[in-house]
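Structure first, then comments.
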Amino acid sequence: MSRVRADEEEYWHSSKFRAFTFDDEDDELSQLKESKRAVNSLRDIVDDDDDDLERVSWSGEPVGSISWSIKETASGSTSSLDGRDSSLQKGSSSYAAALPKQASSYSLSSLFKGRNKLSSFQSLSDALTDTGVKNYAPELRRPKAEYKDYSGDWSPKDTVRRMQRGKVCSLERFRSLQDKLVLLDEAVAGHDGNVITAVLIFLKRTLRREILFRELEVRQVALCHLIHFLRETGEQKFLLDLLRTHCFFLLSLQLSQYREHLNIQDVEKRREFLKGCIGLPFSAEDTSHIQDHYTLLERQIIIEANDRHLEMAGQSELFRKYPRKASILNMPLVTTLFYSCFYHYTEAEGMFSSPTNLKKTFKIPDKQYVLTALAARAKLRAWGDVDALLTTKNWLGYTKKKAPIGFHRVVEILQRNNAPVQVLQEYVRLVEDVETRLNLATKYKCHDVVIETYRDLKDRIQLTAYKGKVERGSAEEEKINSILSNTVRNAYS
């Protein structure tokens, strides 16, 4: 007895941590024995409280306490089998001993369910149907169909459909170029921008640039998505390489899209289409032209509506005398300017149909404006407007004739519109080149201009020869005789 007490004193007063020695195996064996004695003593303590131990009935309701769980855990596997057989013979009150160890409140399933030591035990139905990980860690046991999202042999079409539904699909299985292109075509056919972009990112990562750029030439939708993606992510170098490679293709794409307005018959729909074309990635100059086209169509719609009303109401003498032969809608700018100079020449600059307003809005050059306005006013035989159009005033208040297109072209336009000789001669005299002036005067029978030119050149021979081309007894013949006689008199004086 004294020896046992001495051993206890040595155990309780000994240190827990000791230096390593080659005799550690003996120490570990002694510690294992001490632990076994401690567990056996704990079992004796629990056995003393058998009166308070609760049991599990056949109805599945818990009637035990935690002490039974501790006793069950501490019991060995050999004794548990014997205990099960004996407990079955004792009746329903001792059936708890025959339950598997998962029924213990210290089992793994109990920990997943969040039960503590003070909670009651599982019922019989819970113990039989407890699936542990399946109920409380479903991410560890996915259905077999879920694993197919990652490793299944999905076709490109099925892959795109699953991506549209938000399923996770691996694209790495598409290794050949043909499979990748089929996948891209299926994504484009699905009309889902997110899927198209995801596939393009995969192709951008797995294909060489020259191959990717080449295949995108015939896939306009995918190309536009890739350009937008690169702009959003700021990959400027890749974007510049793509634009440099597809510069001609993109220009053709933009022009073909802009050309679509020709197929739109409804003028309002065409106007809206042109408005949308302003946002296309054209150059600054081309964008300005498209803006002018849109603005011109807007003006034409307004002018057409007003003029149609005036023509039908018969309120304008000009429309009655010169009925319109065609609608102004969708006409070029020069045609619109000619129409405006013909029907609305005297209107104020603030009116949309005013020629001056069109010239200022669309920045029409002076040569084009004078050429168009001259043709329109000459067609109406409004010679006063022609004179005013070609007359300018300097800062001193002096007036002179000026033609940005050249007076030789003015003469041709006037003659084409059957201008009288008196009007033609006025502008033939203003042609600076002598040879051109003589040719025009001779061609259009401006005799006074020919006679005056030969007189200024003091060419008696040509003047005498030209005398045979005029009518005898006419004023032109008398003028030539007067010049020739004055030349002879001055020579002898």
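Residue names in the structure tokens use chain letters A, B, ... in the order shown, residue numbers from 1 in each chain, and ligand numbers from 1 in the order shown.
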Show which residues sit within 10 Å of stretch 338-349 of chain A, as a ChimeraX atom specification. Count only C-alpha atoms, and ignore same-chain residues fewer than 2 positions away.
-> /A:303,307,316,318-319,322,324,328,331,333-336,351-360,369,371-380,385
File dump, residues just selected, N, CA and C atoms, as a compact mmCIF listing (two decimals), in the first residue's frame:
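After the write, out_7.txt holds the following:
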```txt
# COMPACT_ATOMS: atom_id res chain seq x y z
N ILE A 303 -38.59 70.87 -96.58
CA ILE A 303 -38.85 71.61 -97.82
C ILE A 303 -39.91 70.89 -98.65
N ASP A 307 -43.43 72.66 -99.86
CA ASP A 307 -43.64 72.91 -101.28
C ASP A 307 -44.79 72.08 -101.83
N SER A 316 -48.67 79.63 -105.20
CA SER A 316 -47.42 80.16 -105.74
C SER A 316 -47.49 80.19 -107.26
N LEU A 318 -44.96 80.70 -109.22
CA LEU A 318 -43.79 79.99 -109.75
C LEU A 318 -44.08 78.50 -109.90
N PHE A 319 -44.78 77.91 -108.92
CA PHE A 319 -45.13 76.49 -109.01
C PHE A 319 -46.17 76.24 -110.11
N TYR A 322 -44.00 76.74 -113.41
CA TYR A 322 -42.97 75.70 -113.56
C TYR A 322 -43.27 74.58 -112.55
N ARG A 324 -43.25 71.18 -110.51
CA ARG A 324 -42.14 70.31 -110.12
C ARG A 324 -42.23 68.99 -110.87
N ILE A 328 -37.97 66.24 -104.13
CA ILE A 328 -36.60 66.61 -103.75
C ILE A 328 -36.00 65.63 -102.75
N MET A 331 -32.35 63.55 -102.80
CA MET A 331 -31.56 64.12 -103.88
C MET A 331 -30.19 64.57 -103.35
N LEU A 333 -26.81 67.02 -102.74
CA LEU A 333 -26.74 68.39 -102.25
C LEU A 333 -26.80 69.41 -103.39
N VAL A 334 -26.11 69.13 -104.50
CA VAL A 334 -26.10 70.07 -105.63
C VAL A 334 -27.50 70.19 -106.22
N THR A 335 -28.20 69.07 -106.34
CA THR A 335 -29.58 69.11 -106.85
C THR A 335 -30.48 69.89 -105.92
N THR A 336 -30.29 69.71 -104.60
CA THR A 336 -31.08 70.46 -103.63
C THR A 336 -30.79 71.95 -103.72
N MET A 351 -34.47 80.91 -93.46
CA MET A 351 -35.33 79.82 -93.92
C MET A 351 -34.48 78.62 -94.33
N PHE A 352 -34.98 77.41 -94.00
CA PHE A 352 -34.26 76.19 -94.36
C PHE A 352 -34.11 76.03 -95.86
N SER A 353 -35.08 76.54 -96.63
CA SER A 353 -35.05 76.39 -98.08
C SER A 353 -34.25 77.49 -98.77
N SER A 354 -33.70 78.41 -98.03
CA SER A 354 -32.94 79.51 -98.63
C SER A 354 -31.61 79.00 -99.18
N PRO A 355 -31.23 79.41 -100.41
CA PRO A 355 -29.92 79.00 -100.95
C PRO A 355 -28.75 79.46 -100.10
N THR A 356 -28.88 80.66 -99.54
CA THR A 356 -27.81 81.17 -98.68
C THR A 356 -27.66 80.33 -97.42
N ASN A 357 -28.81 79.86 -96.89
CA ASN A 357 -28.77 79.00 -95.71
C ASN A 357 -28.09 77.68 -96.03
N LEU A 358 -28.41 77.09 -97.18
CA LEU A 358 -27.77 75.83 -97.58
C LEU A 358 -26.27 76.03 -97.79
N LYS A 359 -25.89 77.13 -98.41
CA LYS A 359 -24.47 77.42 -98.65
C LYS A 359 -23.70 77.52 -97.33
N LYS A 360 -24.30 78.17 -96.35
CA LYS A 360 -23.64 78.36 -95.07
C LYS A 360 -23.63 77.07 -94.24
N TYR A 369 -21.37 77.23 -105.67
CA TYR A 369 -22.61 78.00 -105.45
C TYR A 369 -22.93 78.87 -106.66
N LEU A 371 -21.88 78.55 -109.77
CA LEU A 371 -22.19 77.71 -110.93
C LEU A 371 -23.62 77.20 -110.88
N THR A 372 -24.07 76.74 -109.70
CA THR A 372 -25.42 76.20 -109.56
C THR A 372 -26.47 77.30 -109.64
N ALA A 373 -26.24 78.37 -108.91
CA ALA A 373 -27.21 79.47 -108.91
C ALA A 373 -27.33 80.10 -110.29
N LEU A 374 -26.21 80.24 -111.02
CA LEU A 374 -26.23 80.80 -112.36
C LEU A 374 -27.07 79.94 -113.30
N ALA A 375 -26.91 78.61 -113.19
CA ALA A 375 -27.69 77.72 -114.05
C ALA A 375 -29.17 77.80 -113.73
N ALA A 376 -29.52 77.92 -112.44
CA ALA A 376 -30.94 77.99 -112.05
C ALA A 376 -31.58 79.31 -112.50
N ARG A 377 -30.89 80.42 -112.31
CA ARG A 377 -31.47 81.72 -112.68
C ARG A 377 -31.48 81.92 -114.19
N ALA A 378 -30.47 81.35 -114.87
CA ALA A 378 -30.47 81.45 -116.33
C ALA A 378 -31.59 80.63 -116.94
N LYS A 379 -31.93 79.51 -116.32
CA LYS A 379 -33.03 78.69 -116.81
C LYS A 379 -34.35 79.44 -116.70
N LEU A 380 -34.47 80.25 -115.66
CA LEU A 380 -35.67 81.09 -115.51
C LEU A 380 -35.58 82.38 -116.33
N ASP A 385 -30.99 88.75 -112.00
CA ASP A 385 -30.38 87.97 -110.92
C ASP A 385 -28.99 87.49 -111.32
```
Considering only C-alpha atoms, return as a ChimeraX atom specification whatever protein or nucleic-acid residues lie within 12 Å of stretch 469-479 of chain A, sequence-local ones (same chain, fewer than 2 positions apart) excluded.
-> /A:442,445-452,455,462-467,481-486
What does the file look like for those residues with N, CA, C and O atoms, as a PDB file, in the first residue's frame?
```
ATOM      1  N   THR A 442     -16.871  84.761-131.989  1.00  0.00           N
ATOM      2  CA  THR A 442     -17.140  84.270-133.348  1.00  0.00           C
ATOM      3  C   THR A 442     -18.153  83.136-133.320  1.00  0.00           C
ATOM      4  O   THR A 442     -19.054  83.053-134.168  1.00  0.00           O
ATOM      5  N   LYS A 445     -21.585  84.548-132.477  1.00  0.00           N
ATOM      6  CA  LYS A 445     -21.933  85.680-133.345  1.00  0.00           C
ATOM      7  C   LYS A 445     -22.106  86.986-132.577  1.00  0.00           C
ATOM      8  O   LYS A 445     -23.063  87.743-132.761  1.00  0.00           O
ATOM      9  N   CYS A 446     -21.148  87.203-131.698  1.00  0.00           N
ATOM     10  CA  CYS A 446     -21.097  88.489-130.994  1.00  0.00           C
ATOM     11  C   CYS A 446     -20.196  89.412-131.825  1.00  0.00           C
ATOM     12  O   CYS A 446     -19.011  89.606-131.514  1.00  0.00           O
ATOM     13  N   HIS A 447     -20.764  90.002-132.916  1.00  0.00           N
ATOM     14  CA  HIS A 447     -19.960  90.730-133.889  1.00  0.00           C
ATOM     15  C   HIS A 447     -19.274  91.950-133.277  1.00  0.00           C
ATOM     16  O   HIS A 447     -18.128  92.256-133.607  1.00  0.00           O
ATOM     17  N   ASP A 448     -19.949  92.637-132.410  1.00  0.00           N
ATOM     18  CA  ASP A 448     -19.351  93.837-131.811  1.00  0.00           C
ATOM     19  C   ASP A 448     -18.081  93.494-131.045  1.00  0.00           C
ATOM     20  O   ASP A 448     -17.095  94.241-131.080  1.00  0.00           O
ATOM     21  N   VAL A 449     -18.070  92.363-130.371  1.00  0.00           N
ATOM     22  CA  VAL A 449     -16.902  91.966-129.586  1.00  0.00           C
ATOM     23  C   VAL A 449     -15.752  91.619-130.517  1.00  0.00           C
ATOM     24  O   VAL A 449     -14.593  91.995-130.269  1.00  0.00           O
ATOM     25  N   VAL A 450     -16.039  90.957-131.643  1.00  0.00           N
ATOM     26  CA  VAL A 450     -14.981  90.606-132.588  1.00  0.00           C
ATOM     27  C   VAL A 450     -14.382  91.865-133.212  1.00  0.00           C
ATOM     28  O   VAL A 450     -13.144  92.005-133.300  1.00  0.00           O
ATOM     29  N   ILE A 451     -15.241  92.769-133.615  1.00  0.00           N
ATOM     30  CA  ILE A 451     -14.766  93.998-134.248  1.00  0.00           C
ATOM     31  C   ILE A 451     -13.924  94.819-133.277  1.00  0.00           C
ATOM     32  O   ILE A 451     -12.849  95.327-133.624  1.00  0.00           O
ATOM     33  N   GLU A 452     -14.375  94.936-132.038  1.00  0.00           N
ATOM     34  CA  GLU A 452     -13.637  95.730-131.040  1.00  0.00           C
ATOM     35  C   GLU A 452     -12.305  95.073-130.704  1.00  0.00           C
ATOM     36  O   GLU A 452     -11.305  95.770-130.465  1.00  0.00           O
ATOM     37  N   ARG A 455      -9.943  95.739-133.538  1.00  0.00           N
ATOM     38  CA  ARG A 455      -9.564  97.156-133.495  1.00  0.00           C
ATOM     39  C   ARG A 455      -8.490  97.391-132.447  1.00  0.00           C
ATOM     40  O   ARG A 455      -7.512  98.112-132.684  1.00  0.00           O
ATOM     41  N   GLN A 462      -7.332  91.081-140.456  1.00  0.00           N
ATOM     42  CA  GLN A 462      -8.404  90.264-139.883  1.00  0.00           C
ATOM     43  C   GLN A 462      -9.722  91.027-139.874  1.00  0.00           C
ATOM     44  O   GLN A 462     -10.797  90.446-140.091  1.00  0.00           O
ATOM     45  N   LEU A 463      -9.642  92.350-139.632  1.00  0.00           N
ATOM     46  CA  LEU A 463     -10.869  93.144-139.619  1.00  0.00           C
ATOM     47  C   LEU A 463     -11.491  93.191-141.008  1.00  0.00           C
ATOM     48  O   LEU A 463     -12.719  93.115-141.169  1.00  0.00           O
ATOM     49  N   THR A 464     -10.643  93.319-142.037  1.00  0.00           N
ATOM     50  CA  THR A 464     -11.156  93.330-143.408  1.00  0.00           C
ATOM     51  C   THR A 464     -11.741  91.978-143.776  1.00  0.00           C
ATOM     52  O   THR A 464     -12.783  91.884-144.454  1.00  0.00           O
ATOM     53  N   ALA A 465     -11.096  90.901-143.339  1.00  0.00           N
ATOM     54  CA  ALA A 465     -11.616  89.572-143.624  1.00  0.00           C
ATOM     55  C   ALA A 465     -12.942  89.329-142.918  1.00  0.00           C
ATOM     56  O   ALA A 465     -13.843  88.653-143.445  1.00  0.00           O
ATOM     57  N   TYR A 466     -13.088  89.842-141.721  1.00  0.00           N
ATOM     58  CA  TYR A 466     -14.326  89.616-140.960  1.00  0.00           C
ATOM     59  C   TYR A 466     -15.497  90.413-141.554  1.00  0.00           C
ATOM     60  O   TYR A 466     -16.668  90.085-141.331  1.00  0.00           O
ATOM     61  N   LYS A 467     -15.168  91.446-142.347  1.00  0.00           N
ATOM     62  CA  LYS A 467     -16.218  92.261-142.963  1.00  0.00           C
ATOM     63  C   LYS A 467     -17.074  91.421-143.900  1.00  0.00           C
ATOM     64  O   LYS A 467     -18.282  91.663-144.042  1.00  0.00           O
ATOM     65  N   ASN A 481     -16.326  99.605-141.508  1.00  0.00           N
ATOM     66  CA  ASN A 481     -15.891 100.622-142.469  1.00  0.00           C
ATOM     67  C   ASN A 481     -15.407 101.870-141.761  1.00  0.00           C
ATOM     68  O   ASN A 481     -14.413 102.499-142.168  1.00  0.00           O
ATOM     69  N   SER A 482     -16.080 102.199-140.674  1.00  0.00           N
ATOM     70  CA  SER A 482     -15.668 103.394-139.921  1.00  0.00           C
ATOM     71  C   SER A 482     -14.296 103.201-139.301  1.00  0.00           C
ATOM     72  O   SER A 482     -13.445 104.096-139.307  1.00  0.00           O
ATOM     73  N   ILE A 483     -14.041 102.026-138.771  1.00  0.00           N
ATOM     74  CA  ILE A 483     -12.740 101.757-138.141  1.00  0.00           C
ATOM     75  C   ILE A 483     -11.639 101.735-139.190  1.00  0.00           C
ATOM     76  O   ILE A 483     -10.541 102.277-138.984  1.00  0.00           O
ATOM     77  N   LEU A 484     -11.922 101.135-140.370  1.00  0.00           N
ATOM     78  CA  LEU A 484     -10.904 101.064-141.414  1.00  0.00           C
ATOM     79  C   LEU A 484     -10.591 102.454-141.971  1.00  0.00           C
ATOM     80  O   LEU A 484      -9.417 102.779-142.231  1.00  0.00           O
ATOM     81  N   SER A 485     -11.611 103.276-142.153  1.00  0.00           N
ATOM     82  CA  SER A 485     -11.368 104.626-142.660  1.00  0.00           C
ATOM     83  C   SER A 485     -10.614 105.468-141.650  1.00  0.00           C
ATOM     84  O   SER A 485      -9.716 106.248-142.000  1.00  0.00           O
ATOM     85  N   ASN A 486     -10.931 105.343-140.409  1.00  0.00           N
ATOM     86  CA  ASN A 486     -10.212 106.088-139.367  1.00  0.00           C
ATOM     87  C   ASN A 486      -8.759 105.626-139.274  1.00  0.00           C
ATOM     88  O   ASN A 486      -7.850 106.428-139.025  1.00  0.00           O
TER      89      ASN A 486
END
```
Between atom CA of A:Glu215 and atom CA of A:Asp192 lies a distance of 19.7 Å
Do you know which residues are at most 12 Å from A:His191 counting only C-alpha atoms, after dropping those on the same chain fewer than 6 positions away, and could you put them as JSON, numbers by chain?
-> {"A": [160, 161, 164, 184, 185, 197, 221, 222, 225]}
Okay, now the selection with C-alpha atoms, as a PDB file, in the first residue's frame?
```
ATOM      1  CA  VAL A 160     -22.869  27.101 -75.740  1.00  0.00           C
ATOM      2  CA  ARG A 161     -26.330  26.242 -74.437  1.00  0.00           C
ATOM      3  CA  GLN A 164     -26.076  30.521 -71.708  1.00  0.00           C
ATOM      4  CA  LEU A 184     -17.217  30.393 -82.028  1.00  0.00           C
ATOM      5  CA  ASP A 185     -19.828  30.037 -84.775  1.00  0.00           C
ATOM      6  CA  THR A 197     -16.846  37.264 -75.454  1.00  0.00           C
ATOM      7  CA  VAL A 221     -19.994  39.971 -85.331  1.00  0.00           C
ATOM      8  CA  ALA A 222     -17.188  38.234 -83.452  1.00  0.00           C
ATOM      9  CA  HIS A 225     -17.198  41.954 -79.996  1.00  0.00           C
TER      10      HIS A 225
END
```
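Candidate residues A:Leu230, A:Val182, A:Met163, A:Ala326 were compared for distance to A:Ile201, and the nearest is A:Leu230, using only C-alpha atoms.
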Within 6 Å of stretch 406-417 of chain A, counting only C-alpha atoms, which residues show up once you throw out same-chain ones fewer than 2 positions away? Write them as an NGL selection string, please.
-> :A and (379 or 403-404 or 419 or 431)
Point-to-point distance from atom CA of A:Phe282 to atom CA of A:Tyr258, Å rounded to tenths =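 One can read the atom CA of A:Phe282 to atom CA of A:Tyr258 distance as 10.3 Å.
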Using only C-alpha atoms, determine which residues lie at most 12 Å from A:Phe238, disregarding the query and same-chain residues fewer than 3 positions distant; provide the list as a VMD selection string.
-> chain A and resid 204 208 to 210 212 to 213 226 to 227 229 to 231 233 to 235 241 to 245
Spatial neighbours of A:Leu262, max dist 12 Å, only C-alpha atoms, sep filter under 3 positions, as a list in words = Leu255, Ser256, Gln257, Tyr258, Arg259, Gln265, Asp266, Val267, Lys269, Arg270, Arg271, Phe273, Leu274, Asn330 and Met331 of chain A
